[in-house]
file structure_21.cif (mmCIF, C-alpha atoms)
data_upload
#
loop_
_atom_site.label_atom_id
_atom_site.label_comp_id
_atom_site.auth_asym_id
_atom_site.auth_seq_id
_atom_site.Cartn_x
_atom_site.Cartn_y
_atom_site.Cartn_z
CA MET A 1 -107.43 -117.05 -90.52
CA ASP A 2 -104.82 -119.58 -91.50
CA ASN A 3 -103.05 -117.48 -94.12
CA ILE A 4 -101.64 -114.59 -92.05
CA THR A 5 -97.94 -114.61 -91.16
CA LEU A 6 -96.16 -111.81 -89.32
CA ILE A 7 -92.46 -111.47 -90.15
CA ALA A 8 -90.09 -109.33 -88.09
CA ALA A 9 -86.60 -109.06 -86.64
CA VAL A 10 -86.74 -108.30 -82.92
CA GLY A 11 -84.26 -107.68 -80.14
CA LYS A 12 -84.31 -109.17 -76.62
CA ASN A 13 -87.00 -106.68 -75.56
CA LEU A 14 -88.99 -107.02 -78.80
CA GLU A 15 -87.28 -103.96 -80.27
CA LEU A 16 -88.18 -103.43 -83.92
CA GLY A 17 -86.61 -100.16 -84.91
CA LYS A 18 -85.70 -96.57 -84.27
CA ASN A 19 -86.08 -93.43 -86.36
CA ASN A 20 -88.21 -95.36 -88.90
CA ASP A 21 -85.37 -97.75 -89.68
CA LEU A 22 -84.21 -101.21 -88.66
CA ILE A 23 -81.89 -101.35 -85.66
CA TRP A 24 -79.76 -104.18 -87.01
CA HIS A 25 -78.95 -104.55 -90.71
CA ILE A 26 -78.03 -108.21 -91.01
CA LYS A 27 -77.35 -109.16 -94.61
CA GLU A 28 -78.29 -112.84 -94.18
CA ASP A 29 -81.51 -111.89 -92.39
CA LEU A 30 -82.48 -109.54 -95.21
CA SER A 31 -81.98 -112.49 -97.58
CA PHE A 32 -84.18 -114.61 -95.29
CA PHE A 33 -86.86 -111.87 -95.42
CA LYS A 34 -86.67 -111.83 -99.23
CA GLU A 35 -86.91 -115.62 -99.45
CA MET A 36 -89.89 -115.80 -97.06
CA THR A 37 -91.86 -112.96 -98.70
CA MET A 38 -91.09 -113.54 -102.39
CA GLY A 39 -94.23 -114.06 -104.49
CA LYS A 40 -96.55 -113.12 -101.61
CA PRO A 41 -98.44 -109.95 -100.78
CA ILE A 42 -96.60 -107.85 -98.19
CA ILE A 43 -98.83 -105.78 -95.95
CA MET A 44 -97.47 -102.77 -94.12
CA GLY A 45 -98.27 -99.39 -92.65
CA LYS A 46 -97.31 -96.16 -94.39
CA ASN A 47 -94.18 -95.58 -92.27
CA THR A 48 -92.88 -99.05 -93.14
CA TYR A 49 -93.63 -98.38 -96.81
CA ASP A 50 -91.69 -95.10 -96.56
CA SER A 51 -88.72 -96.92 -95.03
CA LEU A 52 -88.35 -99.28 -98.01
CA PRO A 53 -85.56 -98.39 -100.42
CA ARG A 54 -87.94 -99.00 -103.36
CA LEU A 55 -90.80 -101.30 -104.34
CA LEU A 56 -89.58 -104.80 -103.54
CA PRO A 57 -89.60 -106.93 -106.70
CA GLY A 58 -91.80 -110.02 -106.87
CA ARG A 59 -94.21 -108.97 -104.15
CA LYS A 60 -97.59 -107.20 -104.13
CA HIS A 61 -97.37 -104.15 -101.86
CA ILE A 62 -100.39 -103.36 -99.68
CA VAL A 63 -100.41 -100.30 -97.43
CA LEU A 64 -102.87 -100.03 -94.56
CA THR A 65 -103.51 -96.36 -93.80
CA ARG A 66 -106.44 -94.13 -92.85
CA LYS A 67 -105.04 -91.39 -95.08
CA ASN A 68 -105.03 -91.09 -98.89
CA PRO A 69 -101.32 -90.98 -99.74
CA ILE A 70 -100.12 -90.66 -103.29
CA LEU A 71 -98.36 -93.95 -103.98
CA PRO A 72 -97.40 -95.76 -107.18
CA LYS A 73 -100.34 -97.40 -108.95
CA GLU A 74 -98.85 -100.86 -108.20
CA VAL A 75 -99.47 -100.30 -104.47
CA LEU A 76 -102.87 -101.30 -103.11
CA ILE A 77 -104.10 -98.91 -100.40
CA ILE A 78 -106.50 -100.30 -97.81
CA HIS A 79 -108.13 -97.98 -95.28
CA SER A 80 -109.33 -100.22 -92.45
CA ILE A 81 -108.55 -103.44 -90.63
CA GLU A 82 -111.98 -104.77 -91.62
CA GLU A 83 -111.29 -104.11 -95.30
CA LEU A 84 -107.84 -105.72 -94.93
CA LEU A 85 -109.21 -108.85 -93.25
CA GLU A 86 -111.81 -109.17 -96.00
CA TYR A 87 -109.04 -108.92 -98.63
CA ILE A 88 -106.94 -111.53 -96.81
CA GLN A 89 -109.87 -113.91 -96.46
CA GLN A 90 -110.69 -113.66 -100.16
CA TYR A 91 -107.02 -114.02 -101.15
CA GLN A 92 -106.76 -117.36 -99.30
CA LYS A 93 -103.00 -117.82 -99.90
CA GLU A 94 -100.36 -116.73 -97.39
CA VAL A 95 -99.92 -113.00 -96.83
CA MET A 96 -96.97 -111.49 -94.99
CA ILE A 97 -97.38 -108.68 -92.48
CA ILE A 98 -94.07 -106.77 -92.50
CA GLY A 99 -94.76 -103.93 -90.05
CA GLY A 100 -94.74 -101.60 -88.41
CA ALA A 101 -95.54 -101.93 -84.75
CA SER A 102 -99.13 -100.65 -85.03
CA ILE A 103 -99.96 -103.04 -87.88
CA TYR A 104 -98.43 -105.99 -86.01
CA LYS A 105 -100.50 -105.10 -82.94
CA GLN A 106 -103.74 -104.89 -84.93
CA ILE A 107 -103.18 -108.17 -86.82
CA LEU A 108 -101.46 -110.37 -84.20
CA GLU A 109 -104.73 -111.89 -82.92
CA TYR A 110 -105.56 -113.11 -86.45
CA ALA A 111 -102.11 -114.53 -87.25
CA LYS A 112 -101.48 -118.23 -87.68
CA LYS A 113 -97.68 -117.90 -87.85
CA LEU A 114 -94.92 -115.59 -86.66
CA LEU A 115 -91.59 -115.72 -88.48
CA LEU A 116 -89.28 -114.00 -86.05
CA THR A 117 -85.60 -113.31 -86.27
CA GLU A 118 -84.76 -113.09 -82.58
CA ILE A 119 -81.59 -111.05 -82.17
CA GLU A 120 -79.87 -111.77 -78.89
CA LEU A 121 -79.04 -108.11 -78.22
CA GLU A 122 -80.95 -105.12 -76.93
CA ASP A 123 -81.11 -101.50 -78.00
CA LYS A 124 -82.00 -98.92 -75.34
CA GLU A 125 -82.72 -96.32 -78.05
CA ALA A 126 -85.40 -98.34 -79.85
CA ASP A 127 -88.61 -96.40 -80.34
CA VAL A 128 -90.89 -99.09 -81.82
CA PHE A 129 -91.55 -102.57 -80.51
CA PHE A 130 -93.20 -105.78 -81.63
CA PRO A 131 -96.30 -106.44 -79.50
CA SER A 132 -95.76 -108.77 -76.57
CA PHE A 133 -97.49 -112.12 -76.96
CA ASP A 134 -98.09 -115.17 -74.81
CA LYS A 135 -95.54 -117.74 -76.01
CA THR A 136 -97.54 -120.56 -74.38
CA GLU A 137 -100.19 -120.07 -77.11
CA TRP A 138 -97.63 -120.92 -79.80
CA LYS A 139 -95.55 -123.92 -80.83
CA VAL A 140 -92.01 -122.75 -81.61
CA GLU A 141 -89.49 -124.28 -83.99
CA GLU A 142 -85.95 -123.05 -84.54
CA LEU A 143 -85.15 -122.88 -88.25
CA SER A 144 -81.53 -121.78 -87.88
CA SER A 145 -79.03 -120.07 -85.60
CA HIS A 146 -76.34 -117.62 -86.72
CA ILE A 147 -73.73 -115.09 -85.70
CA GLU A 148 -73.04 -112.34 -88.23
CA GLU A 149 -70.66 -109.48 -87.45
CA LYS A 150 -70.80 -110.42 -83.73
CA ILE A 151 -74.62 -110.31 -83.78
CA PRO A 152 -76.13 -113.60 -82.53
CA TYR A 153 -79.62 -114.39 -83.81
CA LYS A 154 -82.05 -117.21 -84.55
CA HIS A 155 -84.77 -117.67 -87.14
CA LEU A 156 -87.83 -119.03 -85.36
CA ILE A 157 -91.29 -119.96 -86.55
CA TYR A 158 -94.14 -119.71 -84.09
CA THR A 159 -97.32 -121.54 -85.06
CA ARG A 160 -100.52 -120.89 -83.15
CA LYS A 161 -101.58 -123.97 -81.16
#

call {"tool": "encode", "arguments": {"input": "structure_21.cif", "output": "structure tokens"}}
result
Amino acid sequence: MDNITLIAAVGKNLELGKNNDLIWHIKEDLSFFKEMTMGKPIIMGKNTYDSLPRLLPGRKHIVLTRKNPILPKEVLIIHSIEELLEYIQQYQKEVMIIGGASIYKQILEYAKKLLLTEIELEDKEADVFFPSFDKTEWKVEELSSHIEEKIPYKHLIYTRK
């Protein structure tokens, strides 16, 4: 499918988070996330949903979970990958997969693009990781390079070849 984009901030070892939170809180990167996801459906697992400070304005929230959580009526709950892929195919416009690790792993094979903030640090205490992927299957383009509060990072877009 050409409309699936995974967006994540990862460390040198593909670290995503620890204790159901981001490892690095980079203000400019959070702005980049907002800019890239605004006006698009954001698809996430229940733990990622729980980690949000609130419903993010300007985006349709979709939670993929096998359970039946009680969530605000604005949140669409989808119970299987098959049902999610059907939704995405019918939607046709770009959808953003925002985590967590299990959702990334299940969707990676269907993704056309990866929008990765690659942080040039590592965290030995990370407990969730972005799935490893074969970079030779992707064309990579650097969008920007930054250092914020002594944290070096790059915004990269990977497009499936």

call {"tool": "residues_around", "arguments": {"input": "structure_21.cif", "residues": "range 73-90 of chain A", "least_positions_apart": "6", "cutoff": "6 Å", "atoms": "only C-alpha atoms", "output": "list in words"}}
result
His61, Ile62, Val63, Leu64, Thr65 and Arg66 of chain A

call {"tool": "atom_distance", "arguments": {"input": "structure_21.cif", "atom1": "CA of Met96 in chain A", "atom2": "CA of Pro131 in chain A"}}
result
16.3 Å

call {"tool": "closest_atom_pairs", "arguments": {"input": "structure_21.cif", "of": "range 39-147 of chain A", "to": "range 153-160 of chain A", "cutoff": "6 Å", "atoms": "all atoms listed in the file", "output": "Markdown table"}}
result
| residue | atom | partner | partner_atom | distance |
| --- | --- | --- | --- | --- |
| A:Lys112 | CA | A:Arg160 | CA | 5.3 |
| A:Lys113 | CA | A:Thr159 | CA | 4.6 |
| A:Leu114 | CA | A:Tyr158 | CA | 4.9 |
| A:Leu115 | CA | A:Ile157 | CA | 4.7 |
| A:Leu116 | CA | A:Leu156 | CA | 5.3 |
| A:Thr117 | CA | A:His155 | CA | 4.5 |
| A:Glu118 | CA | A:Lys154 | CA | 5.3 |
| A:Ile119 | CA | A:Tyr153 | CA | 4.2 |
| A:Glu120 | CA | A:Tyr153 | CA | 5.6 |
| A:Trp138 | CA | A:Arg160 | CA | 4.4 |
| A:Lys139 | CA | A:Thr159 | CA | 5.2 |
| A:Val140 | CA | A:Tyr158 | CA | 4.5 |
| A:Glu141 | CA | A:Ile157 | CA | 5.3 |
| A:Glu142 | CA | A:Leu156 | CA | 4.5 |
| A:Leu143 | CA | A:His155 | CA | 5.3 |
| A:Ser144 | CA | A:His155 | CA | 5.3 |
| A:Ser145 | CA | A:Lys154 | CA | 4.3 |
| A:His146 | CA | A:Tyr153 | CA | 5.4 |

call {"tool": "residues_around", "arguments": {"input": "structure_21.cif", "residues": "Met36 in chain A", "least_positions_apart": "4", "cutoff": "10 Å", "atoms": "all atoms listed in the file", "output": "ChimeraX atom specification"}}
result
/A:7,30-32,40,96,115

call {"tool": "closest_residue", "arguments": {"input": "structure_21.cif", "among": "A:Lys34, A:Lys93, A:Lys18, A:Lys105", "to": "Val128 in chain A", "atoms": "all atoms listed in the file"}}
result
A:Lys18

call {"tool": "closest_residue", "arguments": {"input": "structure_21.cif", "among": "A:Asn47, A:Lys161, A:Glu122, A:Asp2", "to": "Ser102 in chain A", "atoms": "all atoms listed in the file"}}
result
A:Asn47
